[in-house]
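File shown: final_10.csv. Contents: CSV, C-alpha atoms.
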```
chain,number,residue,atom,x,y,z
A,183,MET,CA,26.6,11.8,-187.6
A,184,LYS,CA,29.9,12.2,-189.6
A,185,ILE,CA,32.2,9.2,-189.6
A,186,SER,CA,35.9,10.0,-190.0
A,187,CYS,CA,37.8,7.7,-192.4
A,188,LEU,CA,41.4,7.0,-193.1
A,189,ILE,CA,42.4,5.2,-196.4
A,190,VAL,CA,45.8,3.3,-196.4
A,191,ASP,CA,46.9,1.6,-199.6
A,192,ASP,CA,50.2,1.7,-201.5
A,193,GLU,CA,48.3,1.7,-204.9
A,194,PRO,CA,47.1,5.2,-205.9
A,195,ILE,CA,44.3,3.7,-208.1
A,196,ALA,CA,43.0,1.6,-205.1
A,197,ARG,CA,43.0,4.7,-202.9
A,198,ASP,CA,41.1,6.7,-205.6
A,199,ILE,CA,38.5,4.0,-205.9
A,200,ILE,CA,37.8,3.9,-202.1
A,201,LYS,CA,37.8,7.7,-202.0
A,202,SER,CA,35.2,7.9,-204.8
A,203,TYR,CA,33.1,5.3,-203.0
A,204,CYS,CA,33.3,7.3,-199.7
A,205,GLU,CA,32.3,10.5,-201.6
A,206,HIS,CA,29.0,8.9,-202.5
A,207,LEU,CA,28.1,8.4,-198.9
A,208,GLU,CA,27.4,11.7,-197.1
A,209,MET,CA,28.0,10.4,-193.6
A,210,LEU,CA,31.7,9.5,-194.5
A,211,HIS,CA,34.4,12.2,-194.0
A,212,ILE,CA,37.8,11.3,-195.4
A,213,VAL,CA,40.4,12.7,-193.0
A,214,ALA,CA,43.4,11.5,-195.1
A,215,SER,CA,44.6,9.0,-197.7
A,216,CYS,CA,48.1,7.6,-197.5
A,217,GLY,CA,50.4,5.1,-199.1
A,218,ASN,CA,51.9,3.2,-196.2
A,219,ALA,CA,51.4,2.3,-192.5
A,220,LEU,CA,54.0,4.7,-191.2
A,221,GLU,CA,52.1,7.7,-192.6
A,222,ALA,CA,48.9,6.2,-191.2
A,223,LYS,CA,50.4,5.8,-187.8
A,224,SER,CA,51.2,9.5,-187.4
A,225,ILE,CA,47.6,10.4,-188.5
A,226,LEU,CA,46.1,8.0,-186.1
A,227,GLN,CA,48.1,9.5,-183.3
A,228,SER,CA,47.0,13.0,-184.0
A,229,GLN,CA,43.4,12.6,-185.2
A,230,HIS,CA,40.3,10.6,-184.3
A,231,ILE,CA,39.5,8.0,-186.9
A,232,ASP,CA,36.3,5.9,-186.9
A,233,ILE,CA,36.9,3.7,-189.9
A,234,LEU,CA,40.3,2.5,-191.2
A,235,PHE,CA,40.3,1.2,-194.8
A,236,LEU,CA,43.6,-0.8,-194.7
A,237,ASP,CA,45.4,-2.7,-197.4
A,238,ILE,CA,47.3,-5.8,-196.4
A,239,ASN,CA,50.1,-6.3,-198.9
A,240,MET,CA,52.1,-3.1,-198.4
A,241,PRO,CA,55.9,-2.2,-198.2
A,242,VAL,CA,57.7,-1.7,-194.9
A,243,ILE,CA,55.0,-3.2,-192.7
A,244,ASP,CA,51.9,-5.1,-193.9
A,245,GLY,CA,48.4,-4.2,-192.9
A,246,VAL,CA,47.8,-7.2,-190.5
A,247,SER,CA,51.1,-6.5,-188.7
A,248,PHE,CA,50.3,-2.8,-188.5
A,249,ALA,CA,46.8,-3.5,-187.1
A,250,LYS,CA,48.4,-5.5,-184.3
A,251,THR,CA,50.3,-2.4,-183.2
A,252,LEU,CA,47.2,-0.3,-182.7
A,253,LYS,CA,46.1,-0.1,-179.0
A,254,ASN,CA,42.9,1.9,-179.7
A,255,GLN,CA,41.7,0.4,-182.9
A,256,PRO,CA,39.1,2.1,-185.1
A,257,GLN,CA,36.8,-0.1,-187.1
A,258,ILE,CA,39.1,-1.8,-189.5
A,259,ILE,CA,38.0,-2.8,-193.0
A,260,PHE,CA,40.8,-4.7,-194.7
A,261,THR,CA,41.1,-4.3,-198.5
A,262,THR,CA,43.3,-6.8,-200.4
A,263,ALA,CA,43.6,-8.8,-203.6
A,264,TYR,CA,44.7,-11.9,-201.6
A,265,LYS,CA,42.0,-14.0,-200.0
A,266,GLU,CA,44.5,-16.1,-198.0
A,267,TYR,CA,44.8,-13.2,-195.5
A,268,ALA,CA,41.2,-13.5,-194.4
A,269,THR,CA,41.8,-15.7,-191.4
A,270,ASP,CA,44.5,-13.4,-190.0
A,271,ALA,CA,42.2,-10.4,-190.6
A,272,PHE,CA,39.3,-11.8,-188.7
A,273,ASP,CA,41.6,-13.1,-185.9
A,274,LEU,CA,42.2,-9.4,-185.3
A,275,ALA,CA,38.4,-8.8,-185.0
A,276,ALA,CA,38.3,-6.8,-188.2
A,277,CYS,CA,35.0,-5.3,-189.1
A,278,ASP,CA,35.1,-6.6,-192.6
A,279,TYR,CA,37.4,-7.9,-195.4
A,280,LEU,CA,37.0,-6.6,-198.9
A,281,LEU,CA,38.6,-8.7,-201.7
A,282,LYS,CA,39.7,-6.6,-204.6
A,283,PRO,CA,38.1,-5.7,-207.0
A,284,PHE,CA,35.0,-5.1,-204.8
A,285,SER,CA,31.8,-3.4,-205.9
A,286,PHE,CA,30.2,-0.3,-204.5
A,287,GLU,CA,27.4,-2.5,-203.1
A,288,ARG,CA,29.9,-4.7,-201.2
A,289,PHE,CA,31.6,-1.5,-200.0
A,290,ILE,CA,28.3,-0.2,-198.5
A,291,ILE,CA,27.7,-3.5,-196.7
A,292,ALA,CA,31.1,-3.2,-195.0
A,293,VAL,CA,30.5,0.5,-194.1
A,294,ASP,CA,27.1,-0.4,-192.6
A,295,LYS,CA,28.8,-3.1,-190.4
A,296,ALA,CA,31.2,-0.5,-189.2
A,297,PHE,CA,28.5,2.0,-188.6
A,298,GLU,CA,26.5,-0.5,-186.5
A,299,LYS,CA,29.5,-1.2,-184.3
A,300,LEU,CA,30.3,2.5,-183.9
A,301,GLN,CA,26.7,3.1,-182.7
A,302,ALA,CA,27.0,0.3,-180.2
A,303,LYS,CA,30.3,1.5,-178.9
A,304,PRO,CA,30.0,3.7,-175.8
A,305,ASP,CA,31.4,7.2,-175.7
A,306,LYS,CA,35.1,7.2,-174.8
A,307,LYS,CA,34.5,9.0,-171.5
A,308,ASP,CA,31.6,6.6,-170.6
A,309,GLN,CA,33.8,3.6,-171.7
A,310,GLN,CA,36.6,4.8,-169.3
A,311,VAL,CA,34.1,5.0,-166.5
A,312,MET,CA,32.7,1.5,-167.3
A,313,GLU,CA,36.2,0.0,-167.5
A,314,GLY,CA,37.2,1.7,-164.3
A,315,ALA,CA,34.1,0.3,-162.5
A,316,SER,CA,34.7,-3.1,-164.0
A,317,SER,CA,38.3,-3.3,-162.9
A,318,LYS,CA,37.2,-2.5,-159.3
A,319,THR,CA,34.2,-4.7,-159.0
A,320,GLU,CA,34.4,-7.6,-161.6
A,321,ASP,CA,37.1,-10.2,-161.6
A,322,PHE,CA,35.1,-12.9,-163.1
A,323,ILE,CA,33.0,-13.9,-166.1
A,324,PHE,CA,29.9,-16.1,-166.6
A,325,ILE,CA,30.0,-18.9,-169.2
A,326,LYS,CA,26.9,-20.9,-170.3
A,327,THR,CA,27.3,-24.5,-171.4
A,328,ASP,CA,25.5,-27.8,-171.0
A,329,GLY,CA,22.4,-26.1,-169.7
A,330,LYS,CA,24.3,-24.4,-166.8
A,331,ILE,CA,25.9,-21.0,-166.2
A,332,TYR,CA,29.3,-21.1,-164.6
A,333,LYS,CA,31.1,-18.3,-162.8
A,334,ILE,CA,34.8,-18.3,-163.6
A,335,ARG,CA,37.2,-16.1,-161.7
A,336,HIS,CA,40.0,-14.5,-163.7
A,337,ASP,CA,42.6,-15.9,-161.3
A,338,GLU,CA,41.5,-19.5,-161.7
A,339,LEU,CA,41.4,-19.5,-165.6
A,340,LEU,CA,44.6,-21.0,-166.9
A,341,TYR,CA,44.1,-20.8,-170.7
A,342,ALA,CA,41.6,-21.2,-173.5
A,343,GLU,CA,41.8,-22.9,-176.9
A,344,ALA,CA,39.7,-22.5,-180.0
A,345,GLN,CA,38.2,-25.7,-181.3
A,346,GLY,CA,35.9,-25.1,-184.3
A,347,ASN,CA,32.6,-23.6,-183.2
A,348,TYR,CA,33.5,-24.3,-179.5
A,349,THR,CA,36.1,-22.8,-177.1
A,350,ARG,CA,37.8,-25.0,-174.6
A,351,ILE,CA,38.3,-23.2,-171.3
A,352,VAL,CA,40.7,-24.7,-168.8
A,353,THR,CA,40.5,-23.6,-165.2
A,354,GLU,CA,42.2,-24.9,-162.1
A,355,ARG,CA,39.2,-26.9,-161.2
A,356,SER,CA,37.5,-28.0,-164.5
A,357,VAL,CA,37.4,-27.9,-168.3
A,358,LEU,CA,34.4,-26.3,-170.0
A,359,MET,CA,33.5,-26.5,-173.7
A,360,PRO,CA,30.9,-23.7,-174.5
A,361,LYS,CA,29.6,-23.3,-178.0
A,362,MET,CA,31.0,-19.7,-178.5
A,363,PRO,CA,33.4,-18.0,-180.8
A,364,PHE,CA,37.0,-17.8,-179.5
A,365,SER,CA,37.0,-14.0,-180.1
A,366,ASN,CA,33.9,-13.6,-177.9
A,367,LEU,CA,35.7,-15.1,-174.9
A,368,GLU,CA,38.7,-12.8,-175.6
A,369,GLU,CA,36.5,-9.8,-175.5
A,370,LEU,CA,35.1,-10.8,-172.1
A,371,LEU,CA,38.6,-11.0,-170.5
A,372,PRO,CA,40.9,-8.1,-169.5
A,373,ALA,CA,43.7,-7.6,-172.1
A,374,SER,CA,46.1,-6.7,-169.3
A,375,LEU,CA,45.9,-10.2,-167.9
A,376,PHE,CA,45.0,-12.5,-170.8
A,377,LEU,CA,47.3,-12.7,-173.8
A,378,ARG,CA,47.1,-14.3,-177.2
A,379,THR,CA,50.0,-16.6,-177.9
A,380,HIS,CA,48.7,-18.2,-181.0
A,381,ARG,CA,45.6,-17.9,-183.3
A,382,SER,CA,44.0,-20.7,-181.2
A,383,PHE,CA,45.3,-20.0,-177.7
A,384,LEU,CA,44.7,-17.4,-175.0
A,385,ILE,CA,46.6,-17.6,-171.7
A,386,ASN,CA,46.5,-16.1,-168.3
A,387,LYS,CA,50.0,-14.6,-168.0
A,388,GLU,CA,50.0,-15.0,-164.2
A,389,LYS,CA,49.8,-18.7,-164.7
A,390,ILE,CA,52.9,-19.1,-166.8
A,391,ASP,CA,55.4,-21.5,-165.3
A,392,HIS,CA,58.1,-21.0,-167.8
A,393,ILE,CA,58.8,-20.4,-171.5
A,394,GLU,CA,61.1,-22.6,-173.6
A,395,GLY,CA,61.6,-21.9,-177.3
A,396,ASN,CA,58.2,-21.5,-178.9
A,397,ARG,CA,56.3,-23.1,-176.1
A,398,ILE,CA,54.7,-21.8,-172.9
A,399,PHE,CA,54.3,-24.2,-170.0
A,400,ILE,CA,51.2,-23.8,-167.7
A,401,SER,CA,50.5,-26.6,-165.2
A,402,ASN,CA,52.5,-29.1,-167.3
A,403,THR,CA,50.6,-28.2,-170.5
A,404,GLU,CA,52.6,-27.0,-173.5
A,405,ILE,CA,51.0,-24.1,-175.3
A,406,PRO,CA,52.5,-23.0,-178.7
A,407,ILE,CA,53.6,-19.5,-179.5
A,408,GLY,CA,52.6,-18.5,-183.0
A,409,SER,CA,55.1,-16.6,-185.1
A,410,ASN,CA,52.6,-13.7,-185.6
A,411,TYR,CA,52.2,-13.3,-181.8
A,412,LYS,CA,55.7,-13.9,-180.5
A,413,GLU,CA,56.9,-10.3,-180.7
A,414,SER,CA,53.9,-8.7,-179.1
A,415,LEU,CA,53.8,-11.4,-176.4
A,416,PHE,CA,57.4,-10.9,-175.4
A,417,LYS,CA,56.8,-7.1,-175.3
A,418,GLU,CA,53.9,-7.6,-172.9
A,419,LEU,CA,56.1,-9.7,-170.7
A,420,GLY,CA,58.8,-7.1,-170.7
A,421,PHE,CA,61.3,-8.5,-173.2
A,422,SER,CA,62.4,-7.1,-176.6
A,423,LYS,CA,62.3,-10.6,-178.1
```
Would you mind writing the structure in this file as structure tokens?
Amino acid sequence: MKISCLIVDDEPIARDIIKSYCEHLEMLHIVASCGNALEAKSILQSQHIDILFLDINMPVIDGVSFAKTLKNQPQIIFTTAYKEYATDAFDLAACDYLLKPFSFERFIIAVDKAFEKLQAKPDKKDQQVMEGASSKTEDFIFIKTDGKIYKIRHDELLYAEAQGNYTRIVTERSVLMPKMPFSNLEELLPASLFLRTHRSFLINKEKIDHIEGNRIFISNTEIPIGSNYKESLFKELGFSK
């Protein structure tokens, strides 16, 4: 199995290091290496990419912001010299986060993680069939907490909030606090209906009462709109800003 890779970094030396690491692993095929996100975008639109090695601190548009624009994301391995971006990277469900300078051994670990996820990911055609079947037959999720399994319909879920190792799920009838990562709940819900407004909040857009400033109101509850999510949120709602 050949894994297609794209390297995006504004530093030529950094690109060369990743390229040399890739060349030591026969399964990796470097499709292209570029210096900014705009070059990368055109490549991603024209070619299939399995793994994206993406620097964060780049001109024009940074790596985290660029990753948010990708609808069909490859496995993203962020590469950066700044550890403070780690939380934002993992909020985007990044495969891994390599802090420069990283060793070849650490690089292999990251690639292995991506490879495992690629193997678990269904074929695109199969995925479309699965998603089509899901949209027709499933409008609910199951959540386990307090020794019970609850069935929650999409149309009764108001919003969810990350709280440490737990996720607070607020529905029209109750509040549940399962011990599960916030990102896991997000993966269970259809992206067409449930939107991130903040690193710690996910909302059902059908339940929005109104928006005022940087707050969304749902059933008399104020939910913050994070600066990193505001632009994409308003686009999803049909507004430019």
Point to revise | Distance criterion (all atoms listed in the file): nearest to Met359 of chain A out of A:Glu298, A:Glu266, A:Glu388, A:Glu343 | key: A:Glu343
Exercise for review: Tell me which protein, DNA and RNA residues are within 8 Å of Leu300 of chain A, counting all atoms listed in the file, leaving out same-chain ones fewer than 4 positions away, and put them as a list in words.
Suggested key: Asp232, Gln257 and Ala296 of chain A
Exercise for review: Give the answer as one residue: which of A:His380, A:Leu280, A:Lys223, A:Tyr341 has the shortest atom-to-atom distance to Lys253 of chain A, using all atoms listed in the file?
Suggested key: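 Smallest distance to Lys253 of chain A is found for A:Lys223.
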Check your understanding: To one decimal place, how far is atom CA of Pro283 of chain A from atom CA of Lys250 of chain A in Å?
Key ->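 Atom CA of Lys250 of chain A lies 24.9 Å from atom CA of Pro283 of chain A.
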**Study point:** atom CA of Ile259 of chain A to atom CA of Ala196 of chain A, distance in Å rounded to a single decimal
**Key:** 13.8 Å
Save segment 274-286 of chain A from what I just supplied, as a PDB file, in the first residue's frame, atoms limited to N, CA, C and O atoms.
```
ATOM      1  N   LEU A 274      -8.815  20.008  16.266  1.00  0.00           N
ATOM      2  CA  LEU A 274      -9.137  19.726  14.863  1.00  0.00           C
ATOM      3  C   LEU A 274      -9.001  18.237  14.540  1.00  0.00           C
ATOM      4  O   LEU A 274      -9.019  17.848  13.383  1.00  0.00           O
ATOM      5  N   ALA A 275      -8.868  17.429  15.591  1.00  0.00           N
ATOM      6  CA  ALA A 275      -8.725  15.982  15.416  1.00  0.00           C
ATOM      7  C   ALA A 275      -7.496  15.628  14.581  1.00  0.00           C
ATOM      8  O   ALA A 275      -7.523  14.749  13.730  1.00  0.00           O
ATOM      9  N   ALA A 276      -6.416  16.373  14.816  1.00  0.00           N
ATOM     10  CA  ALA A 276      -5.170  16.071  14.112  1.00  0.00           C
ATOM     11  C   ALA A 276      -4.680  14.685  14.493  1.00  0.00           C
ATOM     12  O   ALA A 276      -4.888  14.227  15.611  1.00  0.00           O
ATOM     13  N   CYS A 277      -4.038  14.039  13.550  1.00  0.00           N
ATOM     14  CA  CYS A 277      -3.508  12.706  13.798  1.00  0.00           C
ATOM     15  C   CYS A 277      -2.364  12.757  14.811  1.00  0.00           C
ATOM     16  O   CYS A 277      -2.273  11.931  15.701  1.00  0.00           O
ATOM     17  N   ASP A 278      -1.492  13.752  14.656  1.00  0.00           N
ATOM     18  CA  ASP A 278      -0.376  13.894  15.587  1.00  0.00           C
ATOM     19  C   ASP A 278       0.186  15.310  15.495  1.00  0.00           C
ATOM     20  O   ASP A 278      -0.174  16.084  14.602  1.00  0.00           O
ATOM     21  N   TYR A 279       1.092  15.618  16.431  1.00  0.00           N
ATOM     22  CA  TYR A 279       1.653  16.963  16.570  1.00  0.00           C
ATOM     23  C   TYR A 279       3.144  16.798  16.834  1.00  0.00           C
ATOM     24  O   TYR A 279       3.543  16.296  17.891  1.00  0.00           O
ATOM     25  N   LEU A 280       3.966  17.167  15.869  1.00  0.00           N
ATOM     26  CA  LEU A 280       5.409  17.013  16.000  1.00  0.00           C
ATOM     27  C   LEU A 280       6.045  18.352  16.340  1.00  0.00           C
ATOM     28  O   LEU A 280       5.902  19.323  15.597  1.00  0.00           O
ATOM     29  N   LEU A 281       6.752  18.400  17.453  1.00  0.00           N
ATOM     30  CA  LEU A 281       7.396  19.623  17.897  1.00  0.00           C
ATOM     31  C   LEU A 281       8.846  19.641  17.403  1.00  0.00           C
ATOM     32  O   LEU A 281       9.646  18.768  17.730  1.00  0.00           O
ATOM     33  N   LYS A 282       9.152  20.634  16.573  1.00  0.00           N
ATOM     34  CA  LYS A 282      10.494  20.751  16.005  1.00  0.00           C
ATOM     35  C   LYS A 282      11.518  21.111  17.089  1.00  0.00           C
ATOM     36  O   LYS A 282      11.207  21.906  17.977  1.00  0.00           O
ATOM     37  N   PRO A 283      12.734  20.560  17.013  1.00  0.00           N
ATOM     38  CA  PRO A 283      13.181  19.532  16.056  1.00  0.00           C
ATOM     39  C   PRO A 283      12.757  18.144  16.539  1.00  0.00           C
ATOM     40  O   PRO A 283      12.912  17.841  17.716  1.00  0.00           O
ATOM     41  N   PHE A 284      12.197  17.336  15.665  1.00  0.00           N
ATOM     42  CA  PHE A 284      11.747  16.002  16.067  1.00  0.00           C
ATOM     43  C   PHE A 284      12.644  14.948  15.420  1.00  0.00           C
ATOM     44  O   PHE A 284      13.185  15.138  14.335  1.00  0.00           O
ATOM     45  N   SER A 285      12.767  13.827  16.104  1.00  0.00           N
ATOM     46  CA  SER A 285      13.642  12.752  15.647  1.00  0.00           C
ATOM     47  C   SER A 285      12.948  11.885  14.606  1.00  0.00           C
ATOM     48  O   SER A 285      11.723  11.947  14.432  1.00  0.00           O
ATOM     49  N   PHE A 286      13.724  11.067  13.936  1.00  0.00           N
ATOM     50  CA  PHE A 286      13.171  10.123  12.966  1.00  0.00           C
ATOM     51  C   PHE A 286      12.258   9.119  13.658  1.00  0.00           C
ATOM     52  O   PHE A 286      11.210   8.742  13.127  1.00  0.00           O
TER      53      PHE A 286
END
```
